[in-house]
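**Q** Mind having a look at this structure? Questions to follow.
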Amino acid sequence: MEQTRGILTEDENLHLAKDPYKTAINTEEFIVKALKGPILAPFGGQVELSCQLSPPQSAQHMEIRWFRNRYTQPIYLYKEGKDLYGETTSRYVERTELLKDAIGEGKVTLRIFNVSVDDDGQYHCFFRNGDFSEEDITEVKVTATSSDIQIFMHPPNTKGLIMDCHSGGWFPQPQMEWRDSRGEVLLPTSKSHSQDRDKLFNMKMTLLLSDSHPGTVTCYLRNPLTGQEERISFVLSDQLFSHKKIWKIIMVTLVMVLIASIAFPSVALCRKQPERDRMQSERTEQISKVSSETVNRETTVKQGANPFDRANIHMFQFLRGDDNSDGEK
């Protein structure tokens, strides 16, 4: 007589007495349904991953294995009614637990504590019952958002006003942009990022304002997974751009000084030239006058003039360099 499912024979009752985790439907096939992701896990917090047998049935007697990329490296292993921590990957031993409150219906939940960036990725939920096994995959996305944003302003120079926006502690890499007071995007001069020892992103973005830009400039960061935004604003005033006027004044002054240094010597030289010509003319006239007087005196000496005057004439000829003075002896 065919046995109706759910009604146990005497032999089956005896077998169940020896192994309480076996049931009359232990050979029934099933499928595993995991939470469809991605499941967002906050950095430093905790995340819960659940999976369920379908049709619902007890999984107390089954092997339940959670693993990442390799089956042989479980992050949690439940087998023969026991938690086997010795076979679990070391970095998950103290950060995971399996919630088995609903294991009688084939539902278990893996809880992960102190979530890190390395926990980002896929998780396999695996059930085995005898020779039959099935699994499903859940994807976890780790997120981190920081409200620590700073704007640094460099001293103004000839290029303009340079501003840097810094923020650290993001995952994944955030979207980052400058906006003006009207909400319009300002093109950055440069963007860069790095990752710290926790693999969180540190962001830097530079903005160059070359023209007068009164109003407000805002640095925006946005987590692409959660959509969460953080921002910091800086109010600009015309005084920050006064360096442009100062530099213009300096440049004009330098040009004027350069022109003056070239022009003034030429003007002075032109002014001095007539004076030199006048002095030269007067000197020539004086020499001519002295020469005329000397000739007159020479004539007087030849005619018997005073010997004292004659001596003066010889002295003048000597000073003038007249070689004929010796012939007057």
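Residues in the structure tokens are numbered from 1 in each chain, the chains being A, B, ... in the order shown, and ligands are numbered from 1 in the order shown.
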So which residues touch stretch 190-196 of chain A within 9 Å, counting only C-alpha atoms, skipping near sequence neighbours fewer than 5 positions away, as a PyMOL selection string?

**A** chain A and resi 168-169+173+176+201-207

**Q** Take the residues from that selection and write them out as a short mmCIF file (atom, residue, chain, number, x, y, z; two decimals), in the first residue's frame, keeping N, CA, C and O atoms.

**A**
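In the end it all went to selection-v2.cif:
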data_model
loop_
_atom_site.label_atom_id
_atom_site.label_comp_id
_atom_site.auth_asym_id
_atom_site.auth_seq_id
_atom_site.Cartn_x
_atom_site.Cartn_y
_atom_site.Cartn_z
N GLY A 168 37.41 63.82 2.64
CA GLY A 168 37.85 62.44 2.74
C GLY A 168 36.80 61.56 3.39
O GLY A 168 35.86 62.05 4.03
N GLY A 169 36.94 60.23 3.21
CA GLY A 169 36.04 59.28 3.86
C GLY A 169 34.84 58.89 3.02
O GLY A 169 33.75 58.67 3.58
N GLN A 173 33.80 56.15 -4.99
CA GLN A 173 34.26 57.48 -5.35
C GLN A 173 33.07 58.38 -5.65
O GLN A 173 32.22 58.06 -6.47
N MET A 176 31.75 64.96 -7.81
CA MET A 176 32.23 66.20 -7.19
C MET A 176 32.21 67.32 -8.22
O MET A 176 32.64 67.15 -9.36
N PHE A 201 37.89 56.97 -0.15
CA PHE A 201 38.39 57.95 -1.10
C PHE A 201 38.56 59.33 -0.46
O PHE A 201 37.68 59.80 0.25
N ASN A 202 39.71 59.94 -0.74
CA ASN A 202 39.97 61.33 -0.39
C ASN A 202 39.96 62.13 -1.68
O ASN A 202 40.70 61.83 -2.62
N MET A 203 39.13 63.18 -1.72
CA MET A 203 38.92 63.93 -2.95
C MET A 203 39.51 65.34 -2.84
O MET A 203 39.53 65.95 -1.78
N LYS A 204 39.98 65.84 -4.01
CA LYS A 204 40.48 67.22 -4.10
C LYS A 204 40.06 67.78 -5.45
O LYS A 204 40.19 67.12 -6.47
N MET A 205 39.57 69.02 -5.44
CA MET A 205 39.14 69.69 -6.66
C MET A 205 39.55 71.16 -6.59
O MET A 205 39.39 71.81 -5.56
N THR A 206 40.13 71.66 -7.69
CA THR A 206 40.66 73.03 -7.73
C THR A 206 39.85 73.88 -8.70
O THR A 206 39.44 73.41 -9.76
N LEU A 207 39.63 75.13 -8.31
CA LEU A 207 38.88 76.08 -9.15
C LEU A 207 39.70 77.36 -9.29
O LEU A 207 40.24 77.87 -8.31
#

**Q** Tell me which protein, DNA and RNA residues are within 7 Å of stretch 64-70 of chain A, counting only C-alpha atoms, leaving out same-chain ones fewer than 2 positions away, and put them as a list in words.

**A**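 The residues satisfying every condition are Met62, Thr72, Gln73, Pro74, Ile75, Tyr76, Leu77, Tyr78, Lys79, Gln122, Tyr123, His124, Cys125, Phe126, Phe127 and Arg128 of chain A.
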
**Q** With distances taken over only C-alpha atoms, which of A:Pro155, A:Pro224, A:Gly37, A:Gly44 is nearest to A:Asp136?

**A**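 The shortest atom-to-atom distance to A:Asp136 comes from A:Gly37.
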
**Q** Based on the backbone DSSP call, show me all residues of stretch 34-276 of chain A assigned alpha helix (DSSP H), as a VMD selection string.

**A** chain A and resid 90 to 93 242 to 276

**Q** Residues of stretch 78-224 of chain A in strand (DSSP E or B) according to DSSP, as a PyMOL selection string?

**A** chain A and resi 78-79+82-83+96-99+107-112+121-129+132-144+149-153+157+160-171+175-179+185-186+190-195+201-209+215-222
